[in-house]
Amino acid sequence: MNKFSVIIEKTETGFSSYSPDLDGCVAIGRTKKEVKKNMYEAIQFHLKDLKEEGINIPPARTESEVMVFA
């Protein structure tokens, strides 16, 4: 099982996302739900493409955490 961090950012027209561990793997969407779905599909496609090209799937190196400040 592979596990990758995904960053989701609010934009003027919706949301964008990327994975720091998967170079070039990005997605956009009008809603957060849509960008999550699109990113999931983008990662699946990206990993499939890497396998077909005989390229090793890179190990996950990134972790994230939300910190709350008062």
# chains A, B, ... in the order shown; residues from 1 in each chain; ligands from 1
>>> select_by_dssp(residues="chain A", states="helix (DSSP H, G or I)", output="PyMOL selection string")
chain A and resi 32-52
>>> write_last_selection(atoms="N, CA, C and O atoms", output="PDB file, in the first residue's frame")
ATOM      1  N   LYS A  32     -13.724  21.429  -2.837  1.00  0.00           N
ATOM      2  CA  LYS A  32     -12.729  20.588  -2.170  1.00  0.00           C
ATOM      3  C   LYS A  32     -13.006  19.109  -2.461  1.00  0.00           C
ATOM      4  O   LYS A  32     -12.078  18.336  -2.703  1.00  0.00           O
ATOM      5  N   LYS A  33     -14.266  18.725  -2.464  1.00  0.00           N
ATOM      6  CA  LYS A  33     -14.627  17.343  -2.770  1.00  0.00           C
ATOM      7  C   LYS A  33     -14.163  16.968  -4.183  1.00  0.00           C
ATOM      8  O   LYS A  33     -13.621  15.886  -4.400  1.00  0.00           O
ATOM      9  N   GLU A  34     -14.356  17.877  -5.129  1.00  0.00           N
ATOM     10  CA  GLU A  34     -13.963  17.603  -6.505  1.00  0.00           C
ATOM     11  C   GLU A  34     -12.445  17.508  -6.652  1.00  0.00           C
ATOM     12  O   GLU A  34     -11.941  16.623  -7.336  1.00  0.00           O
ATOM     13  N   VAL A  35     -11.706  18.407  -5.995  1.00  0.00           N
ATOM     14  CA  VAL A  35     -10.245  18.357  -6.121  1.00  0.00           C
ATOM     15  C   VAL A  35      -9.688  17.092  -5.470  1.00  0.00           C
ATOM     16  O   VAL A  35      -8.738  16.505  -5.965  1.00  0.00           O
ATOM     17  N   LYS A  36     -10.292  16.638  -4.378  1.00  0.00           N
ATOM     18  CA  LYS A  36      -9.850  15.390  -3.749  1.00  0.00           C
ATOM     19  C   LYS A  36     -10.067  14.209  -4.687  1.00  0.00           C
ATOM     20  O   LYS A  36      -9.193  13.353  -4.838  1.00  0.00           O
ATOM     21  N   LYS A  37     -11.233  14.151  -5.320  1.00  0.00           N
ATOM     22  CA  LYS A  37     -11.531  13.082  -6.275  1.00  0.00           C
ATOM     23  C   LYS A  37     -10.562  13.136  -7.446  1.00  0.00           C
ATOM     24  O   LYS A  37      -9.996  12.118  -7.849  1.00  0.00           O
ATOM     25  N   ASN A  38     -10.348  14.328  -7.983  1.00  0.00           N
ATOM     26  CA  ASN A  38      -9.451  14.477  -9.123  1.00  0.00           C
ATOM     27  C   ASN A  38      -8.012  14.118  -8.764  1.00  0.00           C
ATOM     28  O   ASN A  38      -7.295  13.507  -9.557  1.00  0.00           O
ATOM     29  N   MET A  39      -7.594  14.478  -7.560  1.00  0.00           N
ATOM     30  CA  MET A  39      -6.225  14.168  -7.142  1.00  0.00           C
ATOM     31  C   MET A  39      -6.056  12.676  -6.924  1.00  0.00           C
ATOM     32  O   MET A  39      -5.024  12.104  -7.277  1.00  0.00           O
ATOM     33  N   TYR A  40      -7.042  12.029  -6.362  1.00  0.00           N
ATOM     34  CA  TYR A  40      -6.990  10.576  -6.185  1.00  0.00           C
ATOM     35  C   TYR A  40      -6.800   9.892  -7.539  1.00  0.00           C
ATOM     36  O   TYR A  40      -5.954   9.015  -7.700  1.00  0.00           O
ATOM     37  N   GLU A  41      -7.577  10.336  -8.523  1.00  0.00           N
ATOM     38  CA  GLU A  41      -7.470   9.772  -9.865  1.00  0.00           C
ATOM     39  C   GLU A  41      -6.117  10.102 -10.497  1.00  0.00           C
ATOM     40  O   GLU A  41      -5.528   9.262 -11.184  1.00  0.00           O
ATOM     41  N   ALA A  42      -5.618  11.318 -10.274  1.00  0.00           N
ATOM     42  CA  ALA A  42      -4.326  11.721 -10.825  1.00  0.00           C
ATOM     43  C   ALA A  42      -3.200  10.865 -10.243  1.00  0.00           C
ATOM     44  O   ALA A  42      -2.292  10.449 -10.974  1.00  0.00           O
ATOM     45  N   ILE A  43      -3.255  10.588  -8.952  1.00  0.00           N
ATOM     46  CA  ILE A  43      -2.229   9.749  -8.327  1.00  0.00           C
ATOM     47  C   ILE A  43      -2.306   8.326  -8.869  1.00  0.00           C
ATOM     48  O   ILE A  43      -1.275   7.718  -9.188  1.00  0.00           O
ATOM     49  N   GLN A  44      -3.516   7.792  -9.003  1.00  0.00           N
ATOM     50  CA  GLN A  44      -3.660   6.445  -9.566  1.00  0.00           C
ATOM     51  C   GLN A  44      -3.042   6.380 -10.964  1.00  0.00           C
ATOM     52  O   GLN A  44      -2.300   5.447 -11.285  1.00  0.00           O
ATOM     53  N   PHE A  45      -3.338   7.358 -11.795  1.00  0.00           N
ATOM     54  CA  PHE A  45      -2.809   7.406 -13.149  1.00  0.00           C
ATOM     55  C   PHE A  45      -1.284   7.545 -13.129  1.00  0.00           C
ATOM     56  O   PHE A  45      -0.579   6.875 -13.879  1.00  0.00           O
ATOM     57  N   HIS A  46      -0.789   8.408 -12.260  1.00  0.00           N
ATOM     58  CA  HIS A  46       0.651   8.655 -12.149  1.00  0.00           C
ATOM     59  C   HIS A  46       1.393   7.375 -11.752  1.00  0.00           C
ATOM     60  O   HIS A  46       2.404   7.023 -12.366  1.00  0.00           O
ATOM     61  N   LEU A  47       0.893   6.677 -10.749  1.00  0.00           N
ATOM     62  CA  LEU A  47       1.531   5.435 -10.293  1.00  0.00           C
ATOM     63  C   LEU A  47       1.475   4.356 -11.367  1.00  0.00           C
ATOM     64  O   LEU A  47       2.447   3.632 -11.583  1.00  0.00           O
ATOM     65  N   LYS A  48       0.345   4.255 -12.060  1.00  0.00           N
ATOM     66  CA  LYS A  48       0.206   3.293 -13.150  1.00  0.00           C
ATOM     67  C   LYS A  48       1.230   3.589 -14.244  1.00  0.00           C
ATOM     68  O   LYS A  48       1.885   2.683 -14.766  1.00  0.00           O
ATOM     69  N   ASP A  49       1.371   4.865 -14.580  1.00  0.00           N
ATOM     70  CA  ASP A  49       2.319   5.268 -15.618  1.00  0.00           C
ATOM     71  C   ASP A  49       3.763   4.947 -15.213  1.00  0.00           C
ATOM     72  O   ASP A  49       4.546   4.458 -16.024  1.00  0.00           O
ATOM     73  N   LEU A  50       4.103   5.211 -13.955  1.00  0.00           N
ATOM     74  CA  LEU A  50       5.446   4.889 -13.472  1.00  0.00           C
ATOM     75  C   LEU A  50       5.722   3.392 -13.612  1.00  0.00           C
ATOM     76  O   LEU A  50       6.789   2.979 -14.083  1.00  0.00           O
ATOM     77  N   LYS A  51       4.756   2.575 -13.198  1.00  0.00           N
ATOM     78  CA  LYS A  51       4.918   1.115 -13.280  1.00  0.00           C
ATOM     79  C   LYS A  51       5.104   0.667 -14.724  1.00  0.00           C
ATOM     80  O   LYS A  51       5.973  -0.147 -15.019  1.00  0.00           O
ATOM     81  N   GLU A  52       4.278   1.216 -15.633  1.00  0.00           N
ATOM     82  CA  GLU A  52       4.368   0.830 -17.047  1.00  0.00           C
ATOM     83  C   GLU A  52       5.711   1.226 -17.657  1.00  0.00           C
ATOM     84  O   GLU A  52       6.204   0.560 -18.562  1.00  0.00           O
TER      85      GLU A  52
END
>>> closest_atom_pairs(of="range 22-66 of chain A", to="range 2-5 of chain A", cutoff="7 Å", atoms="only C-alpha atoms", output="tab-separated table")
residue	atom	partner	partner_atom	distance
A:Ala60	CA	A:Phe4	CA	5.7
A:Thr62	CA	A:Ser5	CA	6.2
A:Glu63	CA	A:Ser5	CA	6.3
>>> atom_distance(atom1="CA of Ala27 in chain A", atom2="CA of Arg61 in chain A")
20.0 Å
>>> closest_residue(among="A:Val66, A:Ile8, A:Gly54, A:Pro59", to="Leu22 in chain A", atoms="only C-alpha atoms")
A:Pro59
>>> select_by_dssp(residues="chain A", states="strand (DSSP E or B)", output="ChimeraX atom specification")
/A:7-10,15-18,26-29
